[in-house]
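Raw contents of final_2.cif, mmCIF, C-alpha atoms:
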```
data_data
#
loop_
_atom_site.group_PDB
_atom_site.id
_atom_site.type_symbol
_atom_site.label_atom_id
_atom_site.label_comp_id
_atom_site.auth_asym_id
_atom_site.auth_seq_id
_atom_site.Cartn_x
_atom_site.Cartn_y
_atom_site.Cartn_z
ATOM 1 C CA MET A 1437 74.831 94.438 92.654
ATOM 2 C CA ILE A 1438 75.637 90.753 92.864
ATOM 3 C CA ASP A 1439 78.415 89.601 95.187
ATOM 4 C CA LYS A 1440 80.667 87.661 92.843
ATOM 5 C CA ASP A 1441 82.381 85.921 95.758
ATOM 6 C CA SER A 1442 79.190 84.427 97.202
ATOM 7 C CA VAL A 1443 77.038 83.665 94.139
ATOM 8 C CA VAL A 1444 78.102 80.951 91.701
ATOM 9 C CA VAL A 1445 76.265 80.075 88.472
ATOM 10 C CA ARG A 1446 77.000 76.541 87.309
ATOM 11 C CA THR A 1447 75.518 73.798 85.141
ATOM 12 C CA MET A 1448 72.565 71.981 86.664
ATOM 13 C CA VAL A 1449 72.841 68.257 87.409
ATOM 14 C CA GLU A 1450 70.166 65.735 88.337
ATOM 15 C CA ASP A 1451 71.091 65.829 92.035
ATOM 16 C CA ASP A 1452 70.034 69.518 92.018
ATOM 17 C CA LEU A 1453 66.441 68.789 91.041
ATOM 18 C CA PRO A 1454 64.923 68.312 94.533
ATOM 19 C CA ASP A 1455 66.273 71.715 95.622
ATOM 20 C CA ALA A 1456 65.232 73.283 92.322
ATOM 21 C CA ASP A 1457 61.731 71.957 92.855
ATOM 22 C CA VAL A 1458 61.580 73.714 96.231
ATOM 23 C CA LEU A 1459 61.870 77.018 94.347
ATOM 24 C CA ARG A 1460 59.113 75.886 91.994
ATOM 25 C CA GLU A 1461 56.912 75.057 94.975
ATOM 26 C CA ILE A 1462 57.529 78.459 96.565
ATOM 27 C CA ALA A 1463 56.525 80.131 93.282
ATOM 28 C CA GLY A 1464 53.375 78.005 93.057
ATOM 29 C CA TRP A 1465 54.131 76.745 89.551
ATOM 30 C CA ASN A 1466 52.484 73.640 88.111
ATOM 31 C CA GLN A 1467 55.480 71.588 86.914
ATOM 32 C CA MET A 1468 56.142 68.088 88.234
ATOM 33 C CA PRO A 1469 59.567 66.573 89.068
ATOM 34 C CA GLY A 1470 59.379 64.739 85.747
ATOM 35 C CA ASP A 1471 59.155 68.057 83.900
ATOM 36 C CA TRP A 1472 62.466 69.161 85.408
ATOM 37 C CA LEU A 1473 64.082 65.843 84.545
ATOM 38 C CA ARG A 1474 62.811 65.902 80.952
ATOM 39 C CA ILE A 1475 64.234 69.372 80.292
ATOM 40 C CA LEU A 1476 67.577 68.510 81.886
ATOM 41 C CA ARG A 1477 67.966 65.259 79.968
ATOM 42 C CA TYR A 1478 66.985 66.945 76.719
ATOM 43 C CA GLN A 1479 69.596 69.687 77.109
ATOM 44 C CA PRO A 1480 71.989 68.752 79.934
ATOM 45 C CA ASN A 1481 74.560 71.431 79.144
ATOM 46 C CA GLY A 1482 72.002 74.238 78.888
ATOM 47 C CA CYS A 1483 70.397 74.255 82.349
ATOM 48 C CA PHE A 1484 71.907 76.261 85.189
ATOM 49 C CA VAL A 1485 71.611 76.950 88.916
ATOM 50 C CA ALA A 1486 72.782 79.856 91.028
ATOM 51 C CA THR A 1487 74.179 78.948 94.450
ATOM 52 C CA ILE A 1488 75.209 80.814 97.592
ATOM 53 C CA ASN A 1489 77.546 78.853 99.829
ATOM 54 C CA GLY A 1490 76.495 75.743 97.949
ATOM 55 C CA ALA A 1491 72.740 76.275 98.436
ATOM 56 C CA ILE A 1492 70.600 76.610 95.297
ATOM 57 C CA VAL A 1493 68.897 80.013 95.165
ATOM 58 C CA GLY A 1494 68.034 80.268 91.460
ATOM 59 C CA THR A 1495 67.434 78.218 88.302
ATOM 60 C CA VAL A 1496 67.083 78.639 84.558
ATOM 61 C CA THR A 1497 66.705 76.157 81.713
ATOM 62 C CA THR A 1498 67.146 76.257 77.945
ATOM 63 C CA THR A 1499 65.553 74.111 75.243
ATOM 64 C CA SER A 1500 66.709 74.208 71.607
ATOM 65 C CA TYR A 1501 64.765 73.248 68.484
ATOM 66 C CA PRO A 1502 65.673 71.193 66.598
ATOM 67 C CA HIS A 1503 67.680 69.198 69.101
ATOM 68 C CA ASN A 1504 69.613 67.036 66.636
ATOM 69 C CA ALA A 1505 71.098 69.646 64.290
ATOM 70 C CA ALA A 1506 74.231 68.513 62.487
ATOM 71 C CA LEU A 1507 77.523 69.531 64.081
ATOM 72 C CA GLY A 1508 78.267 73.147 63.236
ATOM 73 C CA GLU A 1509 74.788 73.783 61.852
ATOM 74 C CA SER A 1510 72.796 76.698 63.249
ATOM 75 C CA VAL A 1511 69.831 75.912 65.472
ATOM 76 C CA PRO A 1512 66.926 78.203 64.560
ATOM 77 C CA LEU A 1513 65.190 78.469 67.926
ATOM 78 C CA GLY A 1514 66.141 78.375 71.602
ATOM 79 C CA TRP A 1515 63.893 78.691 74.644
ATOM 80 C CA ILE A 1516 64.535 80.043 78.133
ATOM 81 C CA GLY A 1517 62.370 78.788 80.976
ATOM 82 C CA MET A 1518 62.102 77.829 84.647
ATOM 83 C CA MET A 1519 63.590 81.172 85.704
ATOM 84 C CA LEU A 1520 63.265 81.057 89.490
ATOM 85 C CA VAL A 1521 64.979 82.960 92.296
ATOM 86 C CA HIS A 1522 64.364 82.391 95.995
ATOM 87 C CA PRO A 1523 62.289 85.302 97.349
ATOM 88 C CA GLU A 1524 64.846 86.050 100.066
ATOM 89 C CA GLN A 1525 67.610 86.425 97.466
ATOM 90 C CA ARG A 1526 65.912 88.674 94.936
ATOM 91 C CA ARG A 1527 67.230 92.095 93.867
ATOM 92 C CA ARG A 1528 70.808 90.838 94.068
ATOM 93 C CA GLY A 1529 71.340 90.392 90.322
ATOM 94 C CA ILE A 1530 70.889 86.617 90.439
ATOM 95 C CA ALA A 1531 68.203 86.551 87.753
ATOM 96 C CA SER A 1532 70.340 88.747 85.499
ATOM 97 C CA ALA A 1533 73.332 86.451 85.975
ATOM 98 C CA LEU A 1534 71.236 83.392 85.115
ATOM 99 C CA MET A 1535 69.755 85.093 82.050
ATOM 100 C CA GLN A 1536 73.188 86.150 80.848
ATOM 101 C CA ARG A 1537 74.500 82.604 81.229
ATOM 102 C CA SER A 1538 71.569 81.083 79.341
ATOM 103 C CA VAL A 1539 71.710 83.640 76.506
ATOM 104 C CA GLU A 1540 75.472 83.131 76.174
ATOM 105 C CA TYR A 1541 74.961 79.379 76.026
ATOM 106 C CA LEU A 1542 72.284 79.606 73.317
ATOM 107 C CA ASN A 1543 74.274 82.105 71.269
ATOM 108 C CA ALA A 1544 77.321 79.840 71.438
ATOM 109 C CA THR A 1545 75.284 77.001 69.928
ATOM 110 C CA GLY A 1546 74.294 79.160 66.953
ATOM 111 C CA VAL A 1547 70.685 79.819 67.942
ATOM 112 C CA GLU A 1548 69.123 82.445 65.667
ATOM 113 C CA CYS A 1549 66.049 83.282 67.765
ATOM 114 C CA ILE A 1550 65.579 83.087 71.536
ATOM 115 C CA LYS A 1551 62.095 83.075 73.045
ATOM 116 C CA LEU A 1552 60.528 83.021 76.492
ATOM 117 C CA ASP A 1553 57.127 83.466 78.111
ATOM 118 C CA ALA A 1554 56.938 86.375 80.543
ATOM 119 C CA THR A 1555 54.574 87.209 83.366
ATOM 120 C CA PRO A 1556 53.435 90.851 83.658
ATOM 121 C CA VAL A 1557 56.071 91.346 86.372
ATOM 122 C CA GLY A 1558 58.831 89.799 84.270
ATOM 123 C CA GLU A 1559 57.995 91.450 80.943
ATOM 124 C CA PRO A 1560 59.674 94.849 81.645
ATOM 125 C CA VAL A 1561 62.720 93.050 83.038
ATOM 126 C CA TYR A 1562 63.140 90.999 79.867
ATOM 127 C CA ALA A 1563 62.452 94.067 77.715
ATOM 128 C CA ARG A 1564 65.434 95.797 79.318
ATOM 129 C CA LEU A 1565 67.562 92.802 78.278
ATOM 130 C CA GLY A 1566 66.521 93.258 74.642
ATOM 131 C CA PHE A 1567 63.509 90.956 74.353
ATOM 132 C CA GLN A 1568 60.586 92.181 72.253
ATOM 133 C CA GLN A 1569 56.901 91.309 72.536
ATOM 134 C CA GLU A 1570 55.669 88.801 69.938
ATOM 135 C CA TRP A 1571 52.123 88.052 71.121
ATOM 136 C CA CYS A 1572 50.108 87.487 74.273
ATOM 137 C CA PHE A 1573 48.369 84.418 75.568
ATOM 138 C CA ASN A 1574 46.033 83.403 78.340
ATOM 139 C CA ARG A 1575 46.099 80.548 80.780
ATOM 140 C CA TRP A 1576 42.595 79.094 80.867
ATOM 141 C CA GLN A 1577 41.460 77.000 83.812
ATOM 142 C CA ARG A 1578 38.571 74.683 84.526
ATOM 143 C CA ALA A 1579 38.324 74.784 88.292
ATOM 144 C CA SER A 1580 37.398 71.889 90.559
ATOM 145 C CA ASP A 1581 37.299 71.112 94.261
ATOM 146 C CA GLU A 1582 38.842 67.715 93.537
ATOM 147 C CA PRO A 1583 42.617 67.121 93.524
ATOM 148 C CA PRO A 1584 44.494 67.082 90.188
ATOM 149 C CA ALA A 1585 43.831 63.939 88.191
ATOM 150 C CA VAL A 1586 46.293 61.096 87.825
ATOM 151 C CA VAL A 1587 46.944 61.175 84.077
ATOM 152 C CA PRO A 1588 48.121 57.874 82.551
ATOM 153 C CA SER A 1589 50.716 57.748 79.798
ATOM 154 C CA THR A 1590 49.658 56.125 76.541
ATOM 155 C CA GLY A 1591 53.209 55.870 75.194
ATOM 156 C CA ARG A 1592 52.410 56.894 71.641
ATOM 157 C CA GLY A 1593 55.121 56.770 69.009
ATOM 158 C CA SER A 1594 56.428 59.431 66.642
ATOM 159 C CA LEU A 1595 54.530 62.712 66.528
ATOM 160 C CA SER A 1596 56.257 64.077 63.438
ATOM 161 C CA SER A 1597 53.757 66.387 61.789
ATOM 162 C CA GLU A 1598 53.842 68.868 58.929
ATOM 163 C CA VAL A 1599 51.056 70.781 60.681
ATOM 164 C CA ASP A 1600 53.143 71.089 63.846
ATOM 165 C CA LEU A 1601 56.158 72.228 61.843
ATOM 166 C CA ALA A 1602 54.052 75.081 60.495
ATOM 167 C CA ALA A 1603 52.344 75.707 63.836
ATOM 168 C CA PHE A 1604 55.544 76.042 65.867
ATOM 169 C CA GLY A 1605 57.847 77.287 63.124
ATOM 170 C CA VAL A 1606 60.630 74.717 63.603
ATOM 171 C CA ASP A 1607 61.065 70.966 64.037
ATOM 172 C CA ARG A 1608 60.403 69.937 67.657
ATOM 173 C CA VAL A 1609 59.654 66.246 67.099
ATOM 174 C CA SER A 1610 62.397 65.085 69.498
ATOM 175 C CA TRP A 1611 60.907 67.159 72.289
ATOM 176 C CA LEU A 1612 57.331 66.085 71.514
ATOM 177 C CA ASN A 1613 58.264 62.422 71.613
ATOM 178 C CA MET A 1614 59.892 62.864 75.035
ATOM 179 C CA LEU A 1615 56.808 64.720 76.281
ATOM 180 C CA ALA A 1616 54.508 62.019 74.933
ATOM 181 C CA LYS A 1617 56.118 59.411 77.199
ATOM 182 C CA ASP A 1618 54.616 61.188 80.218
ATOM 183 C CA SER A 1619 51.263 62.118 78.661
ATOM 184 C CA THR A 1620 47.955 60.794 77.459
ATOM 185 C CA VAL A 1621 48.196 61.311 73.694
ATOM 186 C CA VAL A 1622 45.520 61.550 71.026
ATOM 187 C CA VAL A 1623 46.503 61.470 67.350
ATOM 188 C CA ASN A 1624 44.280 61.616 64.285
ATOM 189 C CA ASP A 1625 44.618 62.562 60.624
ATOM 190 C CA HIS A 1626 44.217 66.262 61.418
ATOM 191 C CA GLY A 1627 46.533 66.738 64.394
ATOM 192 C CA PHE A 1628 47.408 65.611 67.904
ATOM 193 C CA GLY A 1629 47.099 66.614 71.538
ATOM 194 C CA MET A 1630 48.384 65.690 74.986
ATOM 195 C CA LEU A 1631 47.229 65.801 78.596
ATOM 196 C CA ARG A 1632 49.618 65.289 81.511
ATOM 197 C CA ALA A 1633 49.718 65.533 85.266
ATOM 198 C CA GLY A 1634 50.554 68.737 87.121
ATOM 199 C CA ARG A 1635 51.141 69.696 90.744
ATOM 200 C CA ILE A 1636 48.192 72.071 90.897
ATOM 201 C CA ALA A 1637 46.156 71.073 87.843
ATOM 202 C CA SER A 1638 46.319 68.685 84.911
ATOM 203 C CA TYR A 1639 47.851 70.367 81.860
ATOM 204 C CA LEU A 1640 46.086 70.228 78.491
ATOM 205 C CA GLY A 1641 48.566 70.797 75.679
ATOM 206 C CA PRO A 1642 50.138 70.895 73.275
ATOM 207 C CA ILE A 1643 47.280 70.646 70.805
ATOM 208 C CA THR A 1644 48.149 71.097 67.146
ATOM 209 C CA ALA A 1645 45.409 70.749 64.547
ATOM 210 C CA ASP A 1646 44.495 71.967 61.071
ATOM 211 C CA GLY A 1647 41.294 73.623 62.301
ATOM 212 C CA PRO A 1648 39.011 74.189 65.287
ATOM 213 C CA ASP A 1649 36.783 71.186 64.582
ATOM 214 C CA ALA A 1650 39.744 68.802 64.745
ATOM 215 C CA ALA A 1651 41.169 70.606 67.788
ATOM 216 C CA GLY A 1652 37.838 70.399 69.585
ATOM 217 C CA GLU A 1653 37.561 66.677 68.881
ATOM 218 C CA ILE A 1654 41.079 66.088 70.220
ATOM 219 C CA ALA A 1655 40.418 68.182 73.332
ATOM 220 C CA ASP A 1656 37.121 66.401 74.050
ATOM 221 C CA THR A 1657 38.785 62.980 73.769
ATOM 222 C CA LEU A 1658 41.527 64.016 76.180
ATOM 223 C CA LEU A 1659 39.126 65.643 78.645
ATOM 224 C CA ASN A 1660 36.612 62.808 78.639
ATOM 225 C CA GLY A 1661 36.255 61.461 82.181
ATOM 226 C CA VAL A 1662 39.057 63.610 83.620
ATOM 227 C CA HIS A 1663 38.193 65.150 86.982
ATOM 228 C CA GLY A 1664 40.000 67.778 89.003
ATOM 229 C CA PRO A 1665 41.350 71.165 87.896
ATOM 230 C CA ILE A 1666 42.779 71.526 84.380
ATOM 231 C CA VAL A 1667 44.767 74.364 82.802
ATOM 232 C CA TRP A 1668 45.086 75.122 79.078
ATOM 233 C CA ASP A 1669 47.480 77.747 77.654
ATOM 234 C CA MET A 1670 46.084 79.286 74.465
ATOM 235 C CA PRO A 1671 47.554 81.898 72.083
ATOM 236 C CA SER A 1672 45.274 84.940 72.252
ATOM 237 C CA PRO A 1673 45.500 85.568 68.472
ATOM 238 C CA ASN A 1674 43.839 82.171 67.939
ATOM 239 C CA GLU A 1675 40.307 83.354 68.669
ATOM 240 C CA ALA A 1676 38.803 80.046 67.530
ATOM 241 C CA GLY A 1677 40.904 78.273 70.134
ATOM 242 C CA GLU A 1678 39.783 80.609 72.886
ATOM 243 C CA GLN A 1679 36.175 79.912 71.894
ATOM 244 C CA LEU A 1680 36.859 76.185 72.231
ATOM 245 C CA ALA A 1681 38.225 76.688 75.731
ATOM 246 C CA ARG A 1682 35.322 78.844 76.868
ATOM 247 C CA ALA A 1683 32.745 76.418 75.435
ATOM 248 C CA ARG A 1684 34.293 73.630 77.541
ATOM 249 C CA GLY A 1685 33.974 75.481 80.800
ATOM 250 C CA PHE A 1686 37.429 77.078 80.952
ATOM 251 C CA GLU A 1687 37.955 80.670 82.080
ATOM 252 C CA PRO A 1688 41.046 82.905 81.629
ATOM 253 C CA VAL A 1689 42.998 83.216 84.876
ATOM 254 C CA ARG A 1690 46.430 84.534 83.890
ATOM 255 C CA ASP A 1691 47.997 86.690 81.166
ATOM 256 C CA LEU A 1692 51.463 86.032 79.770
ATOM 257 C CA THR A 1693 53.539 87.471 76.926
ATOM 258 C CA ARG A 1694 55.673 85.598 74.443
ATOM 259 C CA MET A 1695 58.889 87.522 73.813
ATOM 260 C CA TRP A 1696 61.863 87.092 71.523
ATOM 261 C CA MET A 1697 65.350 88.348 70.678
ATOM 262 C CA GLY A 1698 68.034 87.375 68.176
ATOM 263 C CA LYS A 1699 68.970 87.559 64.507
ATOM 264 C CA ARG A 1700 65.438 86.925 63.195
ATOM 265 C CA LEU A 1701 61.981 86.108 64.460
ATOM 266 C CA ILE A 1702 60.836 82.520 63.949
ATOM 267 C CA ALA A 1703 57.136 83.167 63.327
ATOM 268 C CA PRO A 1704 54.605 80.383 63.998
ATOM 269 C CA GLU A 1705 51.231 79.784 62.366
ATOM 270 C CA LEU A 1706 49.007 80.379 65.373
ATOM 271 C CA LYS A 1707 45.861 79.253 63.534
ATOM 272 C CA TYR A 1708 47.189 75.707 64.040
ATOM 273 C CA GLN A 1709 48.184 76.150 67.698
ATOM 274 C CA PHE A 1710 45.288 75.212 69.993
ATOM 275 C CA GLY A 1711 47.410 74.619 73.102
ATOM 276 C CA LEU A 1712 50.997 75.267 74.147
ATOM 277 C CA CYS A 1713 53.486 72.720 75.487
ATOM 278 C CA ASP A 1714 54.357 74.747 78.585
ATOM 279 C CA PRO A 1715 55.521 78.321 79.231
ATOM 280 C CA GLY A 1716 58.944 76.919 80.110
ATOM 281 C CA THR A 1717 59.493 75.217 76.746
ATOM 282 C CA GLY A 1718 56.990 76.743 74.295
#
```
Please rewrite the model in this file as structure tokens.
Amino acid sequence: MIDKDSVVVRTMVEDDLPDADVLREIAGWNQMPGDWLRILRYQPNGCFVATINGAIVGTVTTTSYPHNAALGESVPLGWIGMMLVHPEQRRRGIASALMQRSVEYLNATGVECIKLDATPVGEPVYARLGFQQEWCFNRWQRASDEPPAVVPSTGRGSLSSEVDLAAFGVDRVSWLNMLAKDSTVVVNDHGFGMLRAGRIASYLGPITADGPDAAGEIADTLLNGVHGPIVWDMPSPNEAGEQLARARGFEPVRDLTRMWMGKRLIAPELKYQFGLCDPGTG
């Protein structure tokens, strides 16, 4: 049981990010400081930390799509991510308290569907909270002995796309445009893709395209000349996408499960999804 007198869950602020990133480093996750900052600035009232005697021991973030819904209008989809608890403070109910706070926040904003990406260890925990399995996906990696590449930003403009609306199931253009500011971006008549820096490996994704030929062309343009390790998260139901990854020297290294709960499932068109944004934001 959690000690209510010693653990406090409160809204995250920018000054918390260095301590939050320590938890990310302990977990060995790939996010950069800029990833934390992007999520917090996108949804400043929906990110939370758990503290004991003022020290940060846990984090969770939320991301809603669309971001700019009219006042009082329901938001179809909310995301929970960056769920981290310090190893020395686990089994005290901290994760449950953070999940409860994030779900309450999303429900209060009128979100109809809440999703997250679960590791095999986390999946039964989330299932007990009412989350259901939607589909599985693999993290694919192209290994290298070199350090992660420095990925330049190309600063592309609007990424509004009818294909992406179908691929993801809701409008996420505000989020994509924020992500593009920190990414190398390729756009053509059939879709778009991004590559950005990571702590452990460069991250390829999202890639949204109207078919595997277009997706392969986008991926090849982004990968051209990039050295160092690269990871690529691919929906397992998109078999054509997995074939693209394997043909480019990537191998599956990690299994995850997309899960959901809420009033209704927001179902994407996975045949257009050839790379995810990030397990923390979809």
Self-check item: Residues within 10 Å of (73.1, 79.1, 98.1), file coords, all atoms listed in the file, listed as a VMD selection string
Solution: chain A and resid 1442 to 1444 1485 to 1494 1522 1525
Practice problem: Report as a PyMOL selection string the residues that result from applying the PyMOL selection byres ((chain A and resi 1640) around 12) to the structure here. | Solution: chain A and resi 1575-1578+1585+1587+1619-1622+1628-1634+1637-1639+1641-1644+1651+1654-1659+1662+1665-1670+1681+1686+1710-1714
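With distances taken over all atoms listed in the file, A:Gly1698 is the one residue among A:Gly1698, A:Gly1464, A:Pro1480, A:Gly1716 lying closest to Val1539 in chain A.
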Practice problem: Please write as JSON, numbers by chain the full residue list that the PyMOL selection byres ((chain A and resi 1600) around 10) yields on this file. | Solution: {"A": [1595, 1596, 1597, 1598, 1599, 1601, 1602, 1603, 1604, 1605, 1606, 1607, 1608, 1609, 1627, 1628, 1642, 1643, 1644, 1645, 1646, 1704, 1705, 1708, 1709]}
Self-check item: Neighbour residues at most 10 Å from (66.0, 72.7, 90.6) (all atoms listed in the file) as a VMD selection string
Solution: chain A and resid 1448 to 1460 1469 1472 to 1473 1476 1483 to 1486 1492 to 1497 1518 1520
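Between CA of Pro1688 in chain A and CA of Cys1572 in chain A the interatomic distance comes to 12.5 Å.
Minimum atom-to-atom distance to Arg1684 in chain A, evaluated using all atoms listed in the file, belongs to A:Asn1660 out of A:Asn1660, A:Thr1590, A:Gln1479, A:Ser1672.
Within the file as shown, the PyMOL selection byres ((chain A and resi 1583) around 9) identifies Ser1580, Asp1581, Glu1582, Pro1584, Ala1585, Ile1636, Ala1637, His1663, Gly1664 and Pro1665 of chain A.
Of the residues under consideration (A:Thr1545, A:Ala1616, A:Leu1692, A:Gly1470), A:Leu1692 shows the shortest atom-to-atom contact distance to Val1557 in chain A when counting only C-alpha atoms.
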Quiz prompt | Straight-line distance linking CA of Lys1551 in chain A with CA of Asn1574 in chain A, stated in Å to one decimal | solution = 16.9 Å
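Relative to CA of Met1614 in chain A, CA of Ile1516 in chain A is found at 18.1 Å.
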Quiz item: Of the residues A:Val1689, A:Val1511, A:Ala1703, A:Met1695, which is the one nearest to Ala1554 in chain A, using all atoms listed in the file?
Solution: A:Met1695
Using the file's own x, y and z axes, so that the box edges lie along x, y and z, what centre and edge lengths in Å (one decimal) does a box around every listed atom of range 1561-1579 of chain A get when 5 Å is added on each side? Give it as lines of an AutoDock Vina configuration file.
```
center_x = 52.9
center_y = 85.2
center_z = 79.1
size_x = 39.2
size_y = 31.1
size_z = 28.4
```
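Considering all atoms listed in the file, the residue among A:Glu1559, A:Gly1514, A:Arg1527, A:Gln1569 positioned nearest to Leu1542 in chain A is A:Gly1514.
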Self-check item: Near-Leu1513 in chain A list (7 Å; only C-alpha atoms; drop same-chain fewer than 4 positions) as a ChimeraX atom specification
Solution: /A:1500-1501,1547-1550
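Distance check against Arg1477 in chain A using all atoms listed in the file: of A:Asp1625, A:Leu1615, A:Ser1510, A:Ala1533, the minimum falls on A:Leu1615.
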